[in-house]
$ cat target-v3.cif   # mmCIF, C-alpha atoms
data_entry
#
loop_
_atom_site.label_atom_id
_atom_site.label_comp_id
_atom_site.auth_asym_id
_atom_site.auth_seq_id
_atom_site.Cartn_x
_atom_site.Cartn_y
_atom_site.Cartn_z
CA MET A 230 31.73 -22.66 5.70
CA ILE A 231 28.64 -22.59 7.94
CA ASP A 232 28.24 -18.86 7.27
CA GLU A 233 28.52 -19.03 3.49
CA ALA A 234 25.50 -18.58 1.24
CA PHE A 235 24.18 -21.90 -0.05
CA ILE A 236 20.70 -21.10 -1.37
CA THR A 237 18.96 -18.28 -3.23
CA ILE A 238 15.28 -17.49 -2.68
CA HIS A 239 13.57 -14.49 -4.30
CA GLU A 240 17.00 -13.32 -5.48
CA LEU A 241 18.22 -13.27 -1.88
CA ASN A 242 21.35 -15.29 -1.09
CA MET A 243 21.17 -17.02 2.27
CA SER A 244 23.45 -18.96 4.59
CA PRO A 245 22.02 -21.85 6.66
CA LEU A 246 21.40 -19.47 9.58
CA ALA A 247 19.79 -16.88 7.30
CA TYR A 248 17.60 -19.56 5.74
CA ALA A 249 16.45 -20.82 9.14
CA LEU A 250 15.51 -17.25 10.02
CA TRP A 251 13.71 -16.81 6.68
CA VAL A 252 11.50 -19.88 7.15
CA GLY A 253 11.01 -19.26 10.88
CA ARG A 254 12.56 -22.49 12.17
CA LEU A 255 13.50 -21.60 15.75
CA VAL A 256 15.01 -24.97 16.76
CA THR A 257 17.20 -25.04 13.66
CA PHE A 258 18.16 -21.40 14.14
CA GLN A 259 19.19 -22.01 17.75
CA PHE A 260 21.13 -25.16 16.87
CA LEU A 261 23.06 -23.43 14.08
CA HIS A 262 23.82 -20.46 16.29
CA LYS A 263 24.66 -22.15 19.60
CA LYS A 264 25.89 -25.62 18.64
CA MET A 265 27.48 -25.08 15.24
CA GLY A 266 28.82 -21.59 15.84
CA ALA A 267 27.01 -19.85 13.01
CA SER A 268 27.61 -16.11 13.30
CA LEU A 269 24.80 -13.60 13.71
CA THR A 270 27.27 -10.98 12.53
CA GLU A 271 27.99 -12.83 9.26
CA MET A 272 24.29 -13.43 8.71
CA GLU A 273 23.49 -9.75 9.23
CA GLU A 274 26.28 -8.66 6.89
CA LEU A 275 25.03 -11.06 4.23
CA PHE A 276 21.56 -9.52 4.44
CA ILE A 277 22.90 -5.94 4.55
CA GLU A 278 24.95 -6.48 1.40
CA GLN A 279 21.65 -7.21 -0.35
CA GLY A 280 19.77 -4.24 1.10
CA LYS A 281 17.97 -6.19 3.84
CA THR A 282 18.23 -6.66 7.59
CA ALA A 283 17.39 -9.68 9.69
CA ILE A 284 14.90 -7.82 11.89
CA GLU A 285 13.14 -6.50 8.77
CA ILE A 286 12.71 -10.03 7.42
CA ILE A 287 11.45 -11.33 10.76
CA CYS A 288 8.84 -8.57 10.97
CA SER A 289 7.83 -9.06 7.35
CA ASN A 290 7.32 -12.81 7.73
CA GLY A 291 5.68 -12.59 11.16
CA SER A 292 8.11 -15.07 12.75
CA ILE A 293 7.26 -14.44 16.41
CA GLU A 294 9.43 -17.24 17.85
CA ILE A 295 12.49 -16.10 15.93
CA LEU A 296 11.79 -12.53 17.04
CA GLN A 297 11.65 -13.55 20.71
CA TYR A 298 15.05 -15.24 20.38
CA TYR A 299 16.70 -12.66 18.14
CA LEU A 300 15.44 -9.39 19.64
CA PRO A 301 17.89 -9.27 22.61
CA TYR A 302 20.83 -9.63 20.19
CA TYR A 303 19.37 -6.99 17.93
CA ILE A 304 18.84 -4.50 20.76
CA LYS A 305 22.39 -5.08 21.99
CA SER A 306 23.66 -4.34 18.49
CA LEU A 307 21.96 -0.94 18.52
CA LYS A 308 24.30 0.54 21.13
CA PRO A 309 25.05 3.31 20.49
CA ALA A 310 21.67 4.17 18.95
CA PRO A 311 21.56 4.10 15.13
CA SER A 312 21.38 7.31 13.16
CA VAL A 313 20.43 8.18 9.60
CA ILE A 314 22.80 10.14 7.37
CA GLY A 315 21.15 11.13 4.11
CA ASP A 316 19.76 8.01 2.50
CA ILE A 317 22.33 5.79 4.21
CA ASN A 318 21.16 3.73 7.17
CA VAL A 319 24.01 3.37 9.66
CA SER A 320 23.93 0.59 12.25
CA VAL A 321 26.43 -0.93 14.64
CA ASP A 322 27.76 -4.32 13.63
CA PHE A 323 27.49 -7.29 15.96
CA GLN A 324 30.47 -7.98 18.23
CA ARG A 325 32.87 -5.84 16.17
CA SER A 326 31.71 -2.32 17.10
CA THR A 327 32.28 -1.16 13.53
CA LEU A 328 29.85 0.74 11.33
CA VAL A 329 28.15 -1.07 8.49
CA GLU A 330 26.51 1.07 5.81
CA THR A 331 23.75 0.03 3.49
CA ARG A 332 21.53 1.99 1.18
CA VAL A 333 17.99 0.97 1.98
CA LYS A 334 15.41 1.52 -0.76
CA ASN A 335 12.39 1.01 1.51
CA THR A 336 12.43 3.62 4.26
CA TYR A 337 9.86 1.73 6.34
CA THR A 338 11.23 0.51 9.66
CA PRO A 339 10.81 -3.14 10.72
CA VAL A 340 7.85 -2.27 12.94
CA HIS A 341 6.21 -0.42 10.03
CA ILE A 342 6.64 -3.52 7.88
CA ALA A 343 5.07 -5.73 10.56
CA CYS A 344 2.11 -3.35 10.74
CA GLU A 345 1.67 -3.21 6.97
CA ASN A 346 1.58 -7.01 6.84
CA GLY A 347 -1.00 -7.19 9.62
CA HIS A 348 1.19 -9.04 12.14
CA VAL A 349 -0.55 -8.04 15.38
CA ASN A 350 1.49 -10.62 17.31
CA ILE A 351 4.75 -8.99 16.24
CA ILE A 352 3.51 -5.49 17.13
CA ASN A 353 2.23 -6.75 20.48
CA TYR A 354 5.54 -8.39 21.42
CA ILE A 355 7.66 -5.39 20.38
CA TYR A 356 5.37 -3.01 22.26
CA SER A 357 5.49 -5.17 25.39
CA GLN A 358 9.30 -5.09 25.39
CA PHE A 359 9.44 -1.29 25.38
CA ARG A 360 6.24 -0.38 27.21
CA ASP A 361 8.08 0.77 30.34
CA LYS A 362 11.26 1.93 28.63
CA LYS A 363 12.14 5.61 28.30
CA SER A 364 14.11 5.09 25.10
CA ILE A 365 12.87 3.12 22.09
CA PRO A 366 14.94 2.45 18.95
CA HIS A 367 13.24 4.24 16.07
CA THR A 368 13.18 0.97 14.12
CA LEU A 369 10.86 -0.49 16.77
CA ASP A 370 8.88 2.61 17.70
CA ILE A 371 5.24 2.33 16.57
CA ASP A 372 4.87 6.13 16.61
CA PHE A 373 7.97 6.83 14.54
CA GLN A 374 6.96 8.56 11.30
CA ASP A 375 8.50 7.33 8.07
CA GLU A 376 10.85 9.90 6.61
CA SER A 377 9.45 9.83 3.08
CA SER A 378 5.70 9.29 3.63
CA GLY A 379 5.27 10.57 7.18
CA GLU A 380 3.30 7.47 8.11
CA ASN A 381 3.51 5.84 11.52
CA CYS A 382 1.94 2.49 12.39
CA ALA A 383 -1.45 4.07 13.07
CA LEU A 384 -1.60 5.75 9.64
CA ILE A 385 -0.32 2.59 7.93
CA ALA A 386 -3.19 0.61 9.50
CA CYS A 387 -5.63 3.25 8.20
CA ARG A 388 -4.18 3.09 4.69
CA LYS A 389 -4.44 -0.69 4.70
CA GLY A 390 -8.00 -0.57 6.02
CA ASP A 391 -6.89 -2.92 8.80
CA TYR A 392 -9.60 -2.36 11.40
CA LYS A 393 -8.26 -5.07 13.70
CA MET A 394 -4.76 -3.60 13.69
CA ALA A 395 -6.02 -0.04 14.16
CA LYS A 396 -8.16 -1.05 17.11
CA PHE A 397 -5.24 -2.91 18.70
CA LEU A 398 -2.87 0.01 18.19
CA HIS A 399 -5.32 2.44 19.78
CA GLU A 400 -6.60 0.38 22.69
CA VAL A 401 -3.46 -1.54 23.65
CA CYS A 402 -0.53 0.53 22.39
CA GLN A 403 -2.07 4.01 22.67
CA ALA A 404 -0.60 4.74 19.25
CA ASN A 405 -0.64 8.25 17.84
CA PHE A 406 -3.58 8.50 15.43
CA LYS A 407 -3.55 12.31 15.48
CA ALA A 408 -0.41 12.56 13.31
CA ASN A 409 -0.55 13.75 9.69
CA ASN A 410 1.45 12.34 6.81
CA LYS A 411 3.75 14.34 4.53
CA ARG A 412 0.72 15.43 2.48
CA PHE A 413 -0.88 16.86 5.64
CA GLU A 414 -3.58 14.17 5.46
CA ASN A 415 -5.00 12.85 8.71
CA ALA A 416 -6.23 9.34 9.51
CA ILE A 417 -9.73 10.00 8.11
CA VAL A 418 -8.51 11.35 4.75
CA ILE A 419 -6.06 8.45 4.41
CA THR A 420 -8.83 5.95 5.17
CA ALA A 421 -11.15 7.65 2.67
CA ALA A 422 -8.52 7.51 -0.07
CA SER A 423 -7.80 3.82 0.50
CA SER A 424 -11.48 2.84 0.71
CA LYS A 425 -11.89 4.18 -2.82
CA ARG A 426 -9.43 1.62 -4.16
CA LYS A 427 -10.59 -1.36 -2.12
CA PRO A 428 -14.02 -0.90 -0.51
CA THR A 429 -14.68 -3.42 2.27
CA GLN A 430 -16.72 -3.61 5.46
CA ASP A 431 -13.50 -3.10 7.41
CA PHE A 432 -13.11 0.37 5.92
CA TYR A 433 -16.58 1.34 7.14
CA ASN A 434 -15.88 -0.05 10.60
CA LEU A 435 -12.52 1.69 10.67
CA PHE A 436 -13.96 5.01 9.52
CA VAL A 437 -16.66 4.96 12.22
CA TYR A 438 -14.10 3.86 14.82
CA LEU A 439 -11.80 6.78 13.98
CA VAL A 440 -14.67 9.22 14.40
CA GLU A 441 -16.49 7.75 17.39
CA VAL A 442 -13.67 6.25 19.46
CA VAL A 443 -10.37 7.80 18.40
CA LYS A 444 -12.07 11.20 18.02
CA ILE A 445 -10.26 12.33 14.87
CA ASP A 446 -11.34 15.83 13.80
CA ILE A 447 -13.87 15.30 11.00
CA ALA A 448 -13.87 18.97 9.99
CA TYR A 449 -10.22 18.89 8.96
CA MET A 450 -9.98 18.55 5.15
CA HIS A 451 -13.56 17.24 5.16
CA GLU A 452 -14.17 18.26 1.56
CA GLU A 453 -11.08 16.38 0.39
CA ALA A 454 -12.27 13.31 2.30
CA MET A 455 -15.76 13.64 0.78
CA LEU A 456 -14.35 13.79 -2.75
CA LEU A 457 -12.37 10.61 -2.13
CA LEU A 458 -15.20 8.57 -0.64
CA GLU A 459 -17.26 6.26 -2.84
CA ASP A 460 -18.78 3.83 -0.35
CA ARG A 461 -22.40 4.94 0.10
CA ASN A 462 -22.60 3.85 3.73
CA ILE A 463 -19.50 5.80 4.68
CA ILE A 464 -20.68 8.85 2.70
CA LYS A 465 -24.07 8.84 4.43
CA TYR A 466 -22.46 8.43 7.84
CA PHE A 467 -19.92 11.18 7.16
CA GLU A 468 -22.55 13.61 5.88
CA ASN A 469 -24.66 13.05 9.01
CA LYS A 470 -21.72 13.56 11.34
CA LEU A 471 -20.71 16.76 9.56
CA GLN A 472 -24.28 18.03 9.69
CA LYS A 473 -24.40 17.51 13.46
CA LYS A 474 -21.23 19.57 13.67
CA GLY A 475 -22.90 22.37 11.74
CA ILE A 476 -21.19 21.62 8.42
CA ALA A 477 -23.72 21.26 5.60
CA SER A 478 -21.47 19.30 3.28
CA GLN A 479 -22.83 16.73 0.84
CA LYS A 480 -20.85 14.78 -1.71
CA ASN A 481 -22.86 15.98 -4.71
CA ASN A 482 -22.41 19.62 -3.74
CA VAL A 483 -18.69 19.19 -3.05
CA GLU A 484 -18.19 17.48 -6.41
CA ARG A 485 -19.98 20.29 -8.24
CA LYS A 486 -17.94 22.86 -6.34
CA TYR A 487 -14.64 21.35 -7.41
CA GLU A 488 -15.70 20.10 -10.84
CA ILE A 489 -13.01 20.75 -13.42
CA SER A 490 -14.47 22.19 -16.60
CA ARG A 491 -13.65 20.04 -19.59
CA PRO A 492 -12.20 21.69 -22.69
CA ILE A 493 -14.67 22.09 -25.55
CA ILE A 494 -13.69 19.72 -28.35
CA PRO A 495 -15.06 20.70 -31.78
CA VAL A 496 -17.46 18.15 -33.26
CA SER A 497 -16.60 17.01 -36.77
CA LYS A 498 -19.08 17.12 -39.65
CA GLU A 499 -19.19 13.33 -39.76
CA GLU A 500 -20.02 13.06 -36.06
CA MET A 501 -22.83 15.60 -36.44
CA MET A 502 -24.31 13.62 -39.35
CA ILE A 503 -24.22 10.37 -37.36
CA GLU A 504 -25.89 12.04 -34.38
CA GLU A 505 -28.58 13.67 -36.56
CA GLN A 506 -29.46 10.53 -38.52
CA GLY A 507 -29.48 8.21 -35.54
CA GLU A 508 -30.81 4.77 -36.51
CA ASN A 509 -31.29 5.94 -40.12
CA PHE A 510 -27.56 6.53 -40.53
CA GLN A 511 -26.19 5.23 -43.87
CA ILE A 512 -22.45 5.02 -44.38
CA ARG A 513 -22.75 5.46 -48.19
CA LYS A 514 -24.58 8.76 -47.77
CA CYS A 515 -22.09 9.92 -45.17
CA LEU A 516 -19.17 9.17 -47.48
CA GLU A 517 -20.86 10.88 -50.39
CA ASP A 518 -21.55 14.02 -48.36
CA THR A 519 -18.02 14.27 -46.97
CA GLY A 520 -16.39 14.77 -50.34
CA ASP A 521 -13.20 13.23 -51.77
CA ASN A 522 -12.38 9.57 -52.33
CA THR A 523 -15.98 8.51 -51.73
CA GLN A 524 -16.08 6.03 -54.58
CA SER A 525 -12.76 4.39 -53.78
CA ILE A 526 -13.61 4.04 -50.08
CA TRP A 527 -17.05 2.64 -50.76
CA SER A 528 -15.70 0.26 -53.43
CA SER A 529 -13.21 -1.17 -50.96
CA ILE A 530 -15.98 -1.68 -48.39
CA GLU A 531 -18.24 -3.40 -50.97
CA GLU A 532 -15.35 -5.55 -52.20
CA ASP A 533 -14.56 -6.57 -48.65
CA ASP A 534 -18.23 -7.35 -48.09
CA ARG A 535 -18.36 -9.54 -51.22
CA ILE A 536 -15.37 -11.51 -49.97
CA ARG A 537 -16.90 -12.14 -46.54
CA THR A 538 -20.55 -12.71 -47.51
CA PRO A 539 -20.23 -16.23 -49.02
CA PHE A 540 -18.20 -17.34 -45.98
CA ILE A 541 -20.75 -15.99 -43.53
CA SER A 542 -23.66 -17.49 -45.43
CA THR A 543 -22.27 -21.01 -44.96
CA PHE A 544 -23.33 -20.90 -41.31
CA THR A 545 -26.88 -21.79 -40.38
CA LEU A 546 -28.79 -21.38 -37.13
CA ASP A 547 -28.18 -24.97 -36.09
CA GLY A 548 -24.40 -24.44 -36.34
CA THR A 549 -23.87 -26.68 -39.42
#

$ encode --input "target-v3.cif" --output "structure tokens"
Amino acid sequence: MIDEAFITIHELNMSPLAYALWVGRLVTFQFLHKKMGASLTEMEELFIEQGKTAIEIICSNGSIEILQYYLPYYIKSLKPAPSVIGDINVSVDFQRSTLVETRVKNTYTPVHIACENGHVNIINYIYSQFRDKKSIPHTLDIDFQDESSGENCALIACRKGDYKMAKFLHEVCQANFKANNKRFENAIVITAASSKRKPTQDFYNLFVYLVEVVKIDIAYMHEEAMLLLEDRNIIKYFENKLQKKGIASQKNNVERKYEISRPIIPVSKEEMMIEEQGENFQIRKCLEDTGDNTQSIWSSIEEDDRIRTPFISTFTLDGT
């Protein structure tokens, strides 16, 4: 019964071993596994049935100690290497050498998830384990591009505006920042788009870092990037860098160039009267000039006003 689910958290059923992994309790995890005979295979199957994997949860929660213990078992389970058939993720089961299939909604790999959550320690440990290896499982490859978005870890860090992660990926992991996503957007365009939604100092630092250190081509889709940018400091910096490259591109000019003409909506007679009269606008005169049902409309307004006036007049300036 040690491998049976006993608790549900966030609609995820967990066995004792799965729960220890979820909360990152290494000592408990080791005890359940080694002393009480809890099965890694049963735990993995329990997660898979619910569209999850153990390594995905570890990377999402940033449980570095559990990762250090669990990774050798995980790597051993990936022989032969996993493959993807359609939208079905196929992996080799622990100890049994049988295929387990699960439809995974999120196409991000575990290392992508660790990057998106800002777990530099997880990325660092995974990278260190495969730094000198010729073959890296795609689930742990920082340069692997997601099948639906085209993002790798470098582009994910740019989208998140995670300057610390981006700097680590470039300087320590030599990650590929020159890749484009499925929309053919490079790291600069992705950063520009994200900075529009959540402008922070990190986005400015990241943008400058991509240009000055990573050497991303600023001419590529520069008008698209300019349209997306809203942070004044980034805009000024970008305009200056483009100018030095011989590209006279300013945000105001780019916006005018791509401005979408709005359809002309006819102005009603009533709207014209309001605009013409300005502060001297009188609703009675407007109703009289617009024709039918003037008296009935005005009567209802006056009646409503008579009902409210005595109530309003009961209040004085001192609130009594």

$ resolve_selection --input "target-v3.cif" --expression "the PyMOL selection byres ((chain A and resi 359-372) around 10)" --output "JSON, numbers by chain"
{"A": [284, 285, 304, 307, 308, 310, 311, 312, 337, 338, 339, 340, 341, 343, 344, 352, 354, 355, 356, 357, 358, 373, 374, 375, 380, 381, 382, 383, 384, 398, 402, 403, 404, 405, 406, 408]}

$ atom_distance --input "target-v3.cif" --atom1 "atom CA of Glu240 of chain A" --atom2 "atom CA of Asn346 of chain A"
20.7 Å

$ residues_near_point --input "target-v3.cif" --point "(-16.4, 1.9, 7.6)" --cutoff "9 Å" --atoms "all atoms listed in the file" --output "PyMOL selection string"
chain A and resi 390+392+420+424+428-438+460+462-463+466

$ atom_distance --input "target-v3.cif" --atom1 "atom CA of Asp391 of chain A" --atom2 "atom CA of Tyr303 of chain A"
28.1 Å

$ atom_distance --input "target-v3.cif" --atom1 "atom CA of Glu345 of chain A" --atom2 "atom CA of Ser289 of chain A"
8.5 Å

$ closest_residue --input "target-v3.cif" --among "A:Arg254, A:Leu241, A:Val443, A:Lys305" --to "Ile287 of chain A" --atoms "all atoms listed in the file"
A:Arg254

$ residues_near_point --input "target-v3.cif" --point "(-26.4, 13.4, -3.7)" --cutoff "12 Å" --atoms "all atoms listed in the file" --output "list in words"
Met455, Glu459, Arg461, Ile464, Lys465, Glu468, Ser478, Gln479, Lys480, Asn481, Asn482, Val483, Glu484 and Arg485 of chain A

$ residues_around --input "target-v3.cif" --residues "Ala422 of chain A" --least-positions-apart "4" --cutoff "8 Å" --atoms "only C-alpha atoms" --output "NGL selection string"
:A and (388 or 418 or 426 or 454 or 457-458)

$ closest_residue --input "target-v3.cif" --among "A:Tyr299, A:Glu452, A:His239, A:Ile342" --to "His262 of chain A" --atoms "all atoms listed in the file"
A:Tyr299

$ closest_residue --input "target-v3.cif" --among "A:Glu274, A:Asn290, A:Lys263, A:Lys389" --to "Ser244 of chain A" --atoms "all atoms listed in the file"
A:Glu274

$ axis_aligned_box --input "target-v3.cif" --around "segment 448-456 of chain A" --padding-each-side "6 Å" --output "AutoDock Vina command-line options"
--center_x -12.9 --center_y 16.1 --center_z 3.6 --size_x 17.8 --size_y 17.7 --size_z 24.7

$ closest_residue --input "target-v3.cif" --among "A:Leu269, A:Ile385, A:Leu439, A:Leu471" --to "Ser306 of chain A" --atoms "all atoms listed in the file"
A:Leu269
